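What's in upload-v1.tsv: TSV, C-alpha atoms
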chain	number	residue	atom	x	y	z
A	255	MET	CA	-16.07	8.68	22.01
A	256	LEU	CA	-14.17	8.07	18.77
A	257	GLY	CA	-14.93	11.62	17.67
A	258	THR	CA	-13.63	12.98	20.97
A	259	LEU	CA	-10.45	10.95	20.58
A	260	GLY	CA	-10.03	12.10	16.98
A	261	ILE	CA	-10.05	8.53	15.64
A	262	ASP	CA	-11.74	7.83	12.30
A	263	ALA	CA	-14.67	5.51	12.98
A	264	ARG	CA	-14.13	3.64	9.70
A	265	LEU	CA	-10.48	2.96	10.50
A	266	ALA	CA	-11.51	1.76	13.95
A	267	ALA	CA	-14.05	-0.57	12.31
A	268	LEU	CA	-11.33	-1.90	9.99
A	269	LEU	CA	-9.05	-2.58	12.94
A	270	GLY	CA	-11.89	-4.40	14.71
A	271	THR	CA	-12.58	-6.45	11.59
A	272	LEU	CA	-8.90	-7.30	11.25
A	273	ALA	CA	-8.73	-8.40	14.90
A	274	ALA	CA	-11.78	-10.64	14.42
A	275	ILE	CA	-10.29	-12.18	11.26
A	276	TRP	CA	-6.99	-12.85	13.01
A	277	LEU	CA	-8.63	-14.47	16.02
A	278	GLY	CA	-10.88	-16.59	13.82
A	279	LEU	CA	-7.98	-17.77	11.64
A	280	HIS	CA	-5.85	-18.45	14.71
A	281	VAL	CA	-8.53	-20.80	16.04
A	282	LEU	CA	-9.14	-22.47	12.67
A	283	THR	CA	-5.40	-23.05	12.08
A	284	ASP	CA	-4.90	-24.61	15.53
A	285	GLY	CA	-2.78	-21.74	16.83
A	286	ILE	CA	-0.50	-21.29	13.81
A	287	PHE	CA	-1.75	-17.98	12.41
A	288	LEU	CA	-0.73	-15.66	15.26
A	289	THR	CA	2.74	-17.13	15.72
A	290	PRO	CA	5.66	-14.68	15.32
A	291	ARG	CA	6.93	-16.51	12.25
A	292	ASN	CA	3.62	-16.30	10.39
A	293	LEU	CA	3.00	-12.67	11.35
A	294	TRP	CA	6.49	-11.69	10.21
A	295	ASN	CA	5.91	-13.42	6.88
A	296	LEU	CA	2.44	-11.89	6.62
A	297	ALA	CA	3.89	-8.39	7.06
A	298	SER	CA	6.47	-8.98	4.32
A	299	GLN	CA	3.89	-10.52	1.98
A	300	THR	CA	1.57	-7.55	2.44
A	301	ALA	CA	4.20	-5.09	1.22
A	302	VAL	CA	3.73	-5.70	-2.53
A	303	VAL	CA	-0.05	-5.24	-2.52
A	304	GLY	CA	0.15	-2.46	0.08
A	305	ILE	CA	2.62	-0.38	-1.93
A	306	MET	CA	0.35	-0.44	-4.99
A	307	ALA	CA	-2.83	0.05	-2.93
A	308	CYS	CA	-1.45	3.35	-1.61
A	309	GLY	CA	-1.24	4.70	-5.15
A	310	MET	CA	-4.54	3.12	-6.22
A	311	VAL	CA	-6.32	5.22	-3.60
A	312	LEU	CA	-5.38	8.42	-5.44
A	313	VAL	CA	-6.35	6.93	-8.81
A	314	ILE	CA	-9.79	5.87	-7.58
A	315	VAL	CA	-10.31	9.15	-5.73
A	316	THR	CA	-10.05	10.94	-9.11
A	317	ARG	CA	-12.91	8.70	-10.36
A	318	ARG	CA	-10.59	6.50	-12.41
A	319	ILE	CA	-9.19	2.98	-12.25
A	320	ASP	CA	-5.87	1.36	-13.19
A	321	LEU	CA	-6.16	-2.26	-14.30
A	322	SER	CA	-2.56	-2.42	-15.51
A	323	VAL	CA	-0.69	-2.25	-12.18
A	324	GLY	CA	0.05	-5.98	-12.07
A	325	SER	CA	1.38	-5.96	-15.63
A	326	ILE	CA	3.49	-2.85	-14.97
A	327	ALA	CA	4.94	-4.57	-11.88
A	328	GLY	CA	5.77	-7.67	-13.92
A	329	CYS	CA	7.23	-5.68	-16.83
A	330	ALA	CA	9.37	-3.46	-14.58
A	331	GLY	CA	10.55	-6.48	-12.61
A	332	MET	CA	11.57	-8.24	-15.81
A	333	VAL	CA	13.38	-5.14	-17.09
A	334	ILE	CA	15.33	-4.97	-13.83
A	335	ALA	CA	16.17	-8.69	-13.99
A	336	VAL	CA	17.34	-8.64	-17.61
A	337	LEU	CA	19.51	-5.54	-17.11
A	338	GLN	CA	20.93	-6.82	-13.85
A	339	VAL	CA	21.78	-10.34	-14.99
A	340	GLU	CA	22.35	-10.14	-18.74
A	341	VAL	CA	23.24	-6.55	-19.72
A	342	PHE	CA	25.23	-4.75	-17.02
A	343	ALA	CA	28.28	-6.23	-15.35
A	344	PRO	CA	27.11	-8.53	-12.54
A	345	GLY	CA	28.78	-8.05	-9.17
A	346	THR	CA	29.51	-4.33	-9.51
A	347	TRP	CA	28.31	-2.11	-6.66
A	348	TRP	CA	26.28	0.11	-8.98
A	349	ASN	CA	24.45	-2.69	-10.78
A	350	PRO	CA	21.48	-3.12	-8.38
A	351	TRP	CA	21.04	0.63	-7.87
A	352	LEU	CA	21.16	1.54	-11.56
A	353	THR	CA	18.84	-1.27	-12.63
A	354	LEU	CA	16.38	-0.39	-9.87
A	355	ALA	CA	16.38	3.27	-10.96
A	356	ILE	CA	15.78	2.28	-14.58
A	357	GLY	CA	12.94	-0.06	-13.59
A	358	LEU	CA	11.26	2.66	-11.52
A	359	GLY	CA	11.67	5.09	-14.40
A	360	VAL	CA	10.05	2.61	-16.79
A	361	GLY	CA	7.07	2.27	-14.45
A	362	ALA	CA	6.66	6.03	-14.05
A	363	ALA	CA	6.91	6.55	-17.83
A	364	ILE	CA	4.26	3.90	-18.51
A	365	GLY	CA	1.95	5.45	-15.92
A	366	ALA	CA	2.46	8.97	-17.31
A	367	ALA	CA	1.72	7.76	-20.86
A	368	GLN	CA	-1.50	6.11	-19.74
A	369	GLY	CA	-2.49	9.20	-17.79
A	370	ALA	CA	-1.83	11.39	-20.83
A	371	LEU	CA	-4.04	9.19	-23.02
A	372	ASN	CA	-6.83	9.59	-20.49
A	373	ALA	CA	-6.37	13.27	-19.65
A	374	TRP	CA	-5.52	14.74	-23.04
A	375	LEU	CA	-7.09	12.32	-25.53
A	376	ALA	CA	-10.15	11.60	-23.36
A	377	ILE	CA	-9.79	7.83	-23.69
A	378	PRO	CA	-11.49	6.26	-20.65
A	379	ALA	CA	-9.02	5.09	-18.01
A	380	PHE	CA	-10.69	1.67	-17.94
A	381	VAL	CA	-9.93	1.15	-21.64
A	382	VAL	CA	-6.41	2.59	-21.49
A	383	THR	CA	-5.33	0.51	-18.52
A	384	LEU	CA	-7.08	-2.63	-19.76
A	385	ALA	CA	-4.99	-2.29	-22.91
A	386	GLY	CA	-1.95	-1.68	-20.71
A	387	LEU	CA	-2.69	-4.87	-18.80
A	388	LEU	CA	-2.40	-6.83	-22.05
A	389	ILE	CA	0.44	-4.83	-23.61
A	390	PHE	CA	2.90	-4.82	-20.73
A	391	ARG	CA	2.26	-8.43	-19.75
A	392	GLY	CA	3.16	-9.25	-23.34
A	393	VAL	CA	6.23	-7.00	-23.25
A	394	ALA	CA	7.48	-8.81	-20.16
A	395	TRP	CA	7.18	-12.12	-21.98
A	396	LEU	CA	8.80	-10.83	-25.18
A	397	LEU	CA	11.84	-9.52	-23.30
A	398	THR	CA	12.98	-13.08	-22.58
A	399	SER	CA	10.68	-15.23	-24.73
A	400	GLY	CA	9.14	-16.52	-21.52
A	401	ARG	CA	12.40	-17.40	-19.75
A	402	THR	CA	12.93	-16.88	-16.03
A	403	VAL	CA	16.00	-14.71	-15.39
A	404	ALA	CA	18.05	-15.43	-12.24
A	405	PRO	CA	19.81	-15.04	-9.87
A	406	MET	CA	19.55	-11.44	-8.76
A	407	ASP	CA	22.34	-9.39	-7.18
A	408	PRO	CA	22.73	-10.17	-3.43
A	409	THR	CA	22.35	-6.49	-2.53
A	410	PHE	CA	19.17	-6.26	-4.57
A	411	GLN	CA	17.79	-9.38	-2.88
A	412	LEU	CA	17.69	-7.49	0.43
A	413	LEU	CA	14.81	-5.44	-0.98
A	414	GLY	CA	12.67	-8.56	-0.89
A	415	GLY	CA	13.29	-9.41	2.76
A	416	GLY	CA	14.28	-12.97	3.45
A	417	PHE	CA	17.14	-14.23	5.60
A	418	GLN	CA	19.20	-11.01	5.65
A	419	GLY	CA	16.57	-8.54	4.45
A	420	SER	CA	15.66	-7.02	7.82
A	421	ILE	CA	17.14	-4.39	10.12
A	422	GLY	CA	17.44	-6.34	13.38
A	423	ALA	CA	16.03	-5.75	16.85
A	424	ALA	CA	17.97	-2.66	17.95
A	425	ALA	CA	17.28	-0.65	14.81
A	426	SER	CA	13.62	-1.73	14.92
A	427	TRP	CA	13.22	-0.42	18.49
A	428	VAL	CA	14.92	2.83	17.52
A	429	LEU	CA	12.57	3.19	14.56
A	430	GLY	CA	9.59	2.42	16.78
A	431	ALA	CA	10.67	5.04	19.33
A	432	LEU	CA	11.07	7.60	16.54
A	433	GLY	CA	7.60	6.71	15.30
A	434	VAL	CA	6.11	7.25	18.75
A	435	ALA	CA	7.92	10.59	19.11
A	436	ALA	CA	6.74	11.70	15.65
A	437	LEU	CA	3.19	10.67	16.48
A	438	ALA	CA	3.18	12.64	19.74
A	439	TRP	CA	4.65	15.71	18.04
A	440	LEU	CA	2.12	15.61	15.20
A	441	ARG	CA	-0.86	15.26	17.56
A	442	LEU	CA	0.27	17.98	19.94
A	443	SER	CA	1.30	20.38	17.17
A	444	ALA	CA	-2.09	19.88	15.50
A	445	ARG	CA	-3.75	20.68	18.85
A	446	ALA	CA	-1.66	23.83	19.16
A	447	ARG	CA	-2.65	24.93	15.64
A	448	ARG	CA	-6.33	24.48	16.45
A	449	GLN	CA	-5.92	26.70	19.49
A	450	ARG	CA	-3.94	29.30	17.55
A	451	PHE	CA	-6.65	29.67	14.92
A	452	GLY	CA	-9.47	29.83	17.44
A	453	PHE	CA	-10.87	26.30	17.11
A	454	THR	CA	-11.86	24.31	20.16
A	455	PRO	CA	-9.13	21.71	20.77
A	456	ARG	CA	-9.82	18.19	21.84
A	457	PRO	CA	-9.55	17.58	25.59
A	458	LEU	CA	-6.00	16.96	26.75
A	459	TRP	CA	-7.00	13.60	28.21
A	460	ALA	CA	-8.35	12.56	24.79
A	461	GLU	CA	-5.06	13.47	23.11
A	462	ALA	CA	-3.16	11.50	25.76
A	463	VAL	CA	-5.38	8.42	25.32
A	464	THR	CA	-5.06	8.56	21.52
A	465	ILE	CA	-1.28	8.89	21.68
A	466	LEU	CA	-1.07	5.98	24.13
A	467	LEU	CA	-3.28	3.76	21.97
A	468	MET	CA	-1.39	4.49	18.76
A	469	SER	CA	1.97	4.19	20.51
A	470	GLY	CA	0.90	0.80	21.81
A	471	LEU	CA	0.12	-0.33	18.26
A	472	ILE	CA	3.51	0.88	16.99
A	473	LEU	CA	5.53	-0.68	19.79
A	474	GLY	CA	3.45	-3.86	19.71
A	475	PHE	CA	4.19	-4.22	16.01
A	476	VAL	CA	7.92	-3.80	16.67
A	477	ALA	CA	7.78	-6.37	19.47
A	478	VAL	CA	6.12	-8.92	17.17
A	479	MET	CA	8.68	-8.34	14.41
A	480	ASN	CA	11.49	-8.77	16.94
A	481	SER	CA	10.02	-11.95	18.38
A	482	TYR	CA	10.81	-13.92	15.24
A	483	ASN	CA	14.43	-15.07	15.00
A	484	ARG	CA	16.42	-15.73	11.87
A	485	PRO	CA	16.31	-19.45	11.00
A	486	ARG	CA	18.74	-21.56	13.03
A	487	THR	CA	19.90	-18.56	15.07
A	488	ASP	CA	18.82	-16.61	18.15
A	489	ILE	CA	19.15	-13.28	16.30
A	490	ALA	CA	15.89	-11.31	16.04
A	491	GLN	CA	14.86	-10.46	12.50
A	492	GLY	CA	13.27	-7.12	13.29
A	493	ILE	CA	11.31	-5.19	10.69
A	494	SER	CA	11.88	-6.45	7.15
A	495	ILE	CA	12.98	-4.10	4.38
A	496	PRO	CA	9.79	-4.60	2.28
A	497	VAL	CA	7.75	-3.50	5.30
A	498	LEU	CA	9.99	-0.45	5.72
A	499	VAL	CA	9.40	0.41	2.05
A	500	LEU	CA	5.64	0.10	2.58
A	501	ILE	CA	5.77	2.28	5.69
A	502	GLY	CA	7.82	4.91	3.84
A	503	VAL	CA	5.44	4.92	0.85
A	504	ALA	CA	2.38	5.18	3.10
A	505	CYS	CA	3.86	8.06	5.10
A	506	VAL	CA	4.88	10.03	1.99
A	507	LEU	CA	1.52	9.56	0.26
A	508	GLU	CA	-0.41	10.39	3.43
A	509	TRP	CA	1.64	13.59	3.70
A	510	LEU	CA	0.96	14.43	0.04
A	511	ALA	CA	-2.75	13.70	0.33
A	512	ARG	CA	-3.36	15.57	3.58
A	513	THR	CA	-1.03	18.54	3.58
A	514	ARG	CA	0.01	19.43	0.04
A	515	ARG	CA	-1.76	21.24	-2.78
A	516	PHE	CA	-1.40	18.14	-4.96
A	517	GLY	CA	-3.53	16.13	-2.54
A	518	ARG	CA	-6.20	18.85	-2.31
A	519	TYR	CA	-6.38	18.96	-6.10
A	520	VAL	CA	-6.75	15.16	-6.31
A	521	TYR	CA	-9.70	15.16	-3.91
A	522	ALA	CA	-11.22	18.21	-5.59
A	523	ILE	CA	-11.16	16.49	-8.99
A	524	GLY	CA	-12.78	13.39	-7.55
A	525	GLY	CA	-15.34	15.29	-5.48
A	526	ASN	CA	-16.59	17.54	-8.30
A	527	PRO	CA	-14.61	17.60	-11.56
A	528	GLU	CA	-16.53	20.52	-13.06
A	529	ALA	CA	-16.16	22.67	-9.96
A	530	ALA	CA	-12.44	21.83	-9.82
A	531	ARG	CA	-12.04	22.91	-13.47
A	532	LEU	CA	-13.88	26.18	-12.88
A	533	ALA	CA	-11.74	26.82	-9.79
A	534	GLY	CA	-8.60	26.64	-11.93
A	535	VAL	CA	-7.36	23.19	-10.89
A	536	PRO	CA	-4.98	21.88	-13.61
A	537	SER	CA	-6.93	18.64	-13.86
A	538	ALA	CA	-5.08	17.15	-16.82
A	539	ARG	CA	-1.65	17.62	-15.25
A	540	ILE	CA	-2.83	16.24	-11.91
A	541	ILE	CA	-4.30	13.14	-13.57
A	542	VAL	CA	-1.07	12.50	-15.50
A	543	ALA	CA	0.90	12.93	-12.25
A	544	VAL	CA	-1.41	10.51	-10.40
A	545	PHE	CA	-0.98	7.83	-13.06
A	546	ALA	CA	2.79	8.42	-13.21
A	547	LEU	CA	2.94	7.98	-9.42
A	548	MET	CA	0.85	4.81	-9.71
A	549	GLY	CA	3.22	3.45	-12.37
A	550	PHE	CA	6.23	4.28	-10.18
A	551	LEU	CA	4.71	2.45	-7.20
A	552	ALA	CA	3.75	-0.54	-9.36
A	553	ALA	CA	7.35	-0.75	-10.56
A	554	LEU	CA	8.58	-0.49	-6.96
A	555	ALA	CA	6.24	-3.32	-5.95
A	556	GLY	CA	7.50	-5.33	-8.92
A	557	ALA	CA	11.08	-4.76	-7.78
A	558	VAL	CA	10.22	-5.98	-4.27
A	559	ALA	CA	8.49	-9.07	-5.66
A	560	THR	CA	11.41	-9.80	-8.00
A	561	ALA	CA	13.91	-9.43	-5.17
A	562	ARG	CA	11.82	-11.67	-2.94
A	563	LEU	CA	11.57	-14.34	-5.64
A	564	ASN	CA	15.27	-13.86	-6.57
A	565	ALA	CA	14.28	-14.03	-10.23
A	566	GLY	CA	12.54	-12.15	-12.98
A	567	ALA	CA	9.48	-14.30	-13.74
A	568	ASN	CA	6.61	-13.78	-16.17
A	569	SER	CA	4.12	-14.57	-13.41
A	570	THR	CA	5.19	-11.58	-11.27
A	571	GLY	CA	2.21	-9.34	-10.59
A	572	GLU	CA	-0.29	-11.62	-12.30
A	573	LEU	CA	-3.83	-10.68	-11.17
A	574	ALA	CA	-2.31	-8.31	-8.59
A	575	GLU	CA	-4.61	-5.55	-9.85
A	576	LEU	CA	-7.58	-7.38	-8.35
A	577	SER	CA	-6.00	-7.58	-4.89
A	578	VAL	CA	-4.86	-3.95	-5.11
A	579	ILE	CA	-8.28	-2.59	-6.06
A	580	ALA	CA	-9.93	-4.80	-3.45
A	581	ALA	CA	-7.53	-3.54	-0.76
A	582	ALA	CA	-8.32	0.09	-1.61
A	583	VAL	CA	-12.08	-0.53	-1.60
A	584	ILE	CA	-12.03	-2.58	1.60
A	585	GLY	CA	-10.00	0.26	3.13
A	586	GLY	CA	-12.86	2.69	2.50
A	587	THR	CA	-12.00	4.24	-0.87
A	588	SER	CA	-15.22	5.03	-2.71
A	589	LEU	CA	-15.44	3.81	-6.30
A	590	ALA	CA	-17.55	6.92	-6.96
A	591	GLY	CA	-14.43	9.00	-6.26
A	592	GLY	CA	-13.73	11.89	-3.93
A	593	SER	CA	-12.94	9.98	-0.74
A	594	GLY	CA	-10.42	7.46	0.55
A	595	THR	CA	-7.38	7.27	2.78
A	596	VAL	CA	-3.91	5.81	2.37
A	597	VAL	CA	-3.99	4.34	5.90
A	598	GLY	CA	-7.29	2.63	5.08
A	599	ALA	CA	-5.77	1.12	1.92
A	600	VAL	CA	-2.86	-0.30	3.93
A	601	LEU	CA	-5.30	-1.86	6.41
A	602	GLY	CA	-7.30	-3.20	3.47
A	603	ALA	CA	-4.13	-4.79	2.09
A	604	VAL	CA	-3.42	-6.39	5.47
A	605	ILE	CA	-6.97	-7.77	5.59
A	606	MET	CA	-6.71	-9.15	2.05
A	607	GLN	CA	-3.33	-10.76	2.69
A	608	SER	CA	-4.48	-12.13	6.06
A	609	LEU	CA	-7.41	-13.88	4.41
A	610	ASP	CA	-5.17	-15.33	1.71
A	611	ASN	CA	-2.49	-16.36	4.20
A	612	GLY	CA	-5.03	-17.99	6.48
A	613	MET	CA	-6.68	-19.89	3.65
A	614	VAL	CA	-3.29	-21.19	2.51
A	615	LEU	CA	-2.61	-22.41	6.06
A	616	LEU	CA	-6.01	-24.12	6.02
A	617	GLY	CA	-5.09	-25.86	2.77
A	618	LEU	CA	-7.98	-24.44	0.76
A	619	PRO	CA	-7.67	-24.75	-3.04
A	620	SER	CA	-6.91	-21.58	-5.00
A	621	ALA	CA	-10.31	-21.63	-6.73
A	622	LEU	CA	-12.12	-21.53	-3.38
A	623	ARG	CA	-9.79	-18.79	-2.13
A	624	ASN	CA	-10.73	-16.66	-5.15
A	625	VAL	CA	-14.43	-17.24	-4.46
A	626	ILE	CA	-14.08	-16.16	-0.82
A	627	ILE	CA	-12.03	-13.04	-1.67
A	628	GLY	CA	-14.61	-12.12	-4.35
A	629	VAL	CA	-17.41	-12.40	-1.79
A	630	VAL	CA	-15.41	-10.24	0.64
A	631	LEU	CA	-15.00	-7.58	-2.05
A	632	ILE	CA	-18.76	-7.52	-2.75
A	633	VAL	CA	-19.50	-7.22	0.98
A	634	ALA	CA	-16.96	-4.39	1.29
A	635	VAL	CA	-18.56	-2.40	-1.56
A	636	TRP	CA	-22.03	-3.00	-0.10
A	637	ALA	CA	-20.87	-1.88	3.35
A	638	ASP	CA	-19.30	1.24	1.81
A	639	ALA	CA	-22.56	2.12	0.05
A	640	LEU	CA	-24.55	1.50	3.25
A	641	TRP	CA	-22.13	3.65	5.27
A	642	ARG	CA	-22.40	6.57	2.85
A	643	ARG	CA	-26.18	6.32	2.64
A	644	ARG	CA	-26.46	6.45	6.43
A	645	ALA	CA	-23.92	9.30	6.65
A	646	GLY	CA	-25.92	11.26	4.05
A	647	GLY	CA	-29.12	10.63	5.97
A	648	ALA	CA	-27.53	11.81	9.22
A	649	ARG	CA	-26.35	15.03	7.57
A	650	GLY	CA	-29.82	15.55	6.10
A	651	GLY	CA	-31.38	15.09	9.54
A	652	GLU	CA	-28.97	17.60	11.09
A	653	ALA	CA	-29.81	20.11	8.37
Would you mind writing the file out in structure tokens?
Amino acid sequence: MLGTLGIDARLAALLGTLAAIWLGLHVLTDGIFLTPRNLWNLASQTAVVGIMACGMVLVIVTRRIDLSVGSIAGCAGMVIAVLQVEVFAPGTWWNPWLTLAIGLGVGAAIGAAQGALNAWLAIPAFVVTLAGLLIFRGVAWLLTSGRTVAPMDPTFQLLGGGFQGSIGAAASWVLGALGVAALAWLRLSARARRQRFGFTPRPLWAEAVTILLMSGLILGFVAVMNSYNRPRTDIAQGISIPVLVLIGVACVLEWLARTRRFGRYVYAIGGNPEAARLAGVPSARIIVAVFALMGFLAALAGAVATARLNAGANSTGELAELSVIAAAVIGGTSLAGGSGTVVGAVLGAVIMQSLDNGMVLLGLPSALRNVIIGVVLIVAVWADALWRRRAGGARGGEA
């Protein structure tokens, strides 16, 4: 049935798992978890990990890892804070935009440098990024000798969500309607292409059911975001800006991975590096570009976290690399490389943040939360290995 509808079975399983987790946490928290307020906060909290998880998918697909993303986020966030508060003139209209651009550039440059060390000097990515984890966490501390830098520009604070950092109900419904229209157009245009090139299209009823199901998810999400009002008002918050950033990042990277030559090269390198080299794939340049993109997204996540905290703090991004890698793996990205989806990584980030959010509501100590998340990661890797083993056996049986 899922194959007829054109729905990835693994994504469907992730959605089912997420629903079970939400229902279980809702019962355990005495009806607090699924309240509009908590779900709105959960969506905003997921943005930081989700943004980085989207880039981590491409890194892992190329059979590499980036352990430095949390440190890059913290370093870029501190660079933005120092420039915004202590270097450039506070209160000018260009201050938040210029400092954000510089911070993103710093992240991209760090990522490109690490990618170059791996691609051109053949230093293992694990070693390069482990060193980066230490180096850039130290750089963030040295910039201010451990001080916290605050407050941030009011315009910049909108990037973190909060009281004013959302687009309201009307704009959220408009965005949701555009999303539904884009979804319908993409599904129907893909069906038309299959017919044009002589492939058997999915039944029209299956396309209609899939569009209805996905449209329901989109509009349901908008309804939940609109059901939470700004504190002490009756004004609906709508979708928060961090969530919009995450949605934009996920859409762009999904487009790159599925439809552009860059994405095909990334998966080719991860699937069979030697075959990709013999086929003329510029592997070194692609790897540098992947790490530069990862650094850019880590810096963007650091900017969101800094704006949300309203301060440049040395703790920003600390241990975030663990949550990011876990989100990608839980979302179905294989640590062996060659396979993984951006949408799966976003769902993995939602699952990770849901578990953390629920455990905080239950009052569990941080040490126990780490134990539980570690167990979840082990189970996710085991399930991924089991899934691939069964899929390989099924293909062998068909052959």
Contact residues around Ile326 of chain A with all atoms listed in the file at 10 Å, ignoring same-chain residues under 4 positions, as a JSON list (two decimals) with C-alpha atoms, in the coordinates of the input:
[["chain", "number", "residue", "atom", "x", "y", "z"],
["A", 321, "LEU", "CA", -6.16, -2.26, -14.30],
["A", 322, "SER", "CA", -2.56, -2.42, -15.51],
["A", 330, "ALA", "CA", 9.37, -3.46, -14.58],
["A", 331, "GLY", "CA", 10.55, -6.48, -12.61],
["A", 332, "MET", "CA", 11.57, -8.24, -15.81],
["A", 357, "GLY", "CA", 12.94, -0.06, -13.59],
["A", 360, "VAL", "CA", 10.05, 2.61, -16.79],
["A", 361, "GLY", "CA", 7.07, 2.27, -14.45],
["A", 362, "ALA", "CA", 6.66, 6.03, -14.05],
["A", 364, "ILE", "CA", 4.26, 3.90, -18.51],
["A", 365, "GLY", "CA", 1.95, 5.45, -15.92],
["A", 386, "GLY", "CA", -1.95, -1.68, -20.71],
["A", 387, "LEU", "CA", -2.69, -4.87, -18.80],
["A", 389, "ILE", "CA", 0.44, -4.83, -23.61],
["A", 390, "PHE", "CA", 2.90, -4.82, -20.73],
["A", 391, "ARG", "CA", 2.26, -8.43, -19.75],
["A", 393, "VAL", "CA", 6.23, -7.00, -23.25],
["A", 394, "ALA", "CA", 7.48, -8.81, -20.16],
["A", 548, "MET", "CA", 0.85, 4.81, -9.71],
["A", 549, "GLY", "CA", 3.22, 3.45, -12.37],
["A", 550, "PHE", "CA", 6.23, 4.28, -10.18],
["A", 551, "LEU", "CA", 4.71, 2.45, -7.20],
["A", 552, "ALA", "CA", 3.75, -0.54, -9.36],
["A", 553, "ALA", "CA", 7.35, -0.75, -10.56],
["A", 554, "LEU", "CA", 8.58, -0.49, -6.96],
["A", 555, "ALA", "CA", 6.24, -3.32, -5.95],
["A", 556, "GLY", "CA", 7.50, -5.33, -8.92],
["A", 570, "THR", "CA", 5.19, -11.58, -11.27],
["A", 571, "GLY", "CA", 2.21, -9.34, -10.59],
["A", 572, "GLU", "CA", -0.29, -11.62, -12.30],
["A", 575, "GLU", "CA", -4.61, -5.55, -9.85]]
- [ ] For each of A:Arg450, A:Arg484, A:Arg445, A:Arg317, take the minimum atom-to-atom distance to Gly592 of chain A, counting all atoms listed in the file, then give the residue where this is smallest.
- [x]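 Using all atoms listed in the file, the shortest distance to Gly592 of chain A belongs to A:Arg317.
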- [ ] Would you list the residues near (-10.6, -21.7, 8.5) (no more than 8 Å away, in the coordinates of the file, using only C-alpha atoms) as a ChimeraX atom specification?
- [x] /A:278-279,281-283,612-613,616
TODO: To one decimal in Å, tell me the separation between atom CA of Leu397 of chain A and atom CA of Ala343 of chain A.
DONE: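 Atom CA of Ala343 of chain A lies at a distance of 18.6 Å from atom CA of Leu397 of chain A.
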- [ ] Check the smallest atom-to-atom distance from each of A:Ile305, A:Val333, A:Ala370, A:Leu498 to Ala538 of chain A using only C-alpha atoms, then report the winner.
- [x]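 With only C-alpha atoms as the atom set, the closest residue is A:Ala370.
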- [ ] Can you work out which one of A:Gly525, A:Asn564, A:Gln607, A:Val403 has the shortest atom-to-atom distance to Val339 of chain A, counting only C-alpha atoms?
- [x]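 That would be A:Val403, the residue with the smallest distance to Val339 of chain A.
Between atom CA of Ile286 of chain A and atom CA of Leu631 of chain A the interatomic distance comes to 25.5 Å.
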Open item on the list: Calculated over only C-alpha atoms, which of the candidates A:Ala561, A:Ala438, A:Ile632, A:Ile541 has the smallest distance to Val463 of chain A?
Closed with: A:Ala438
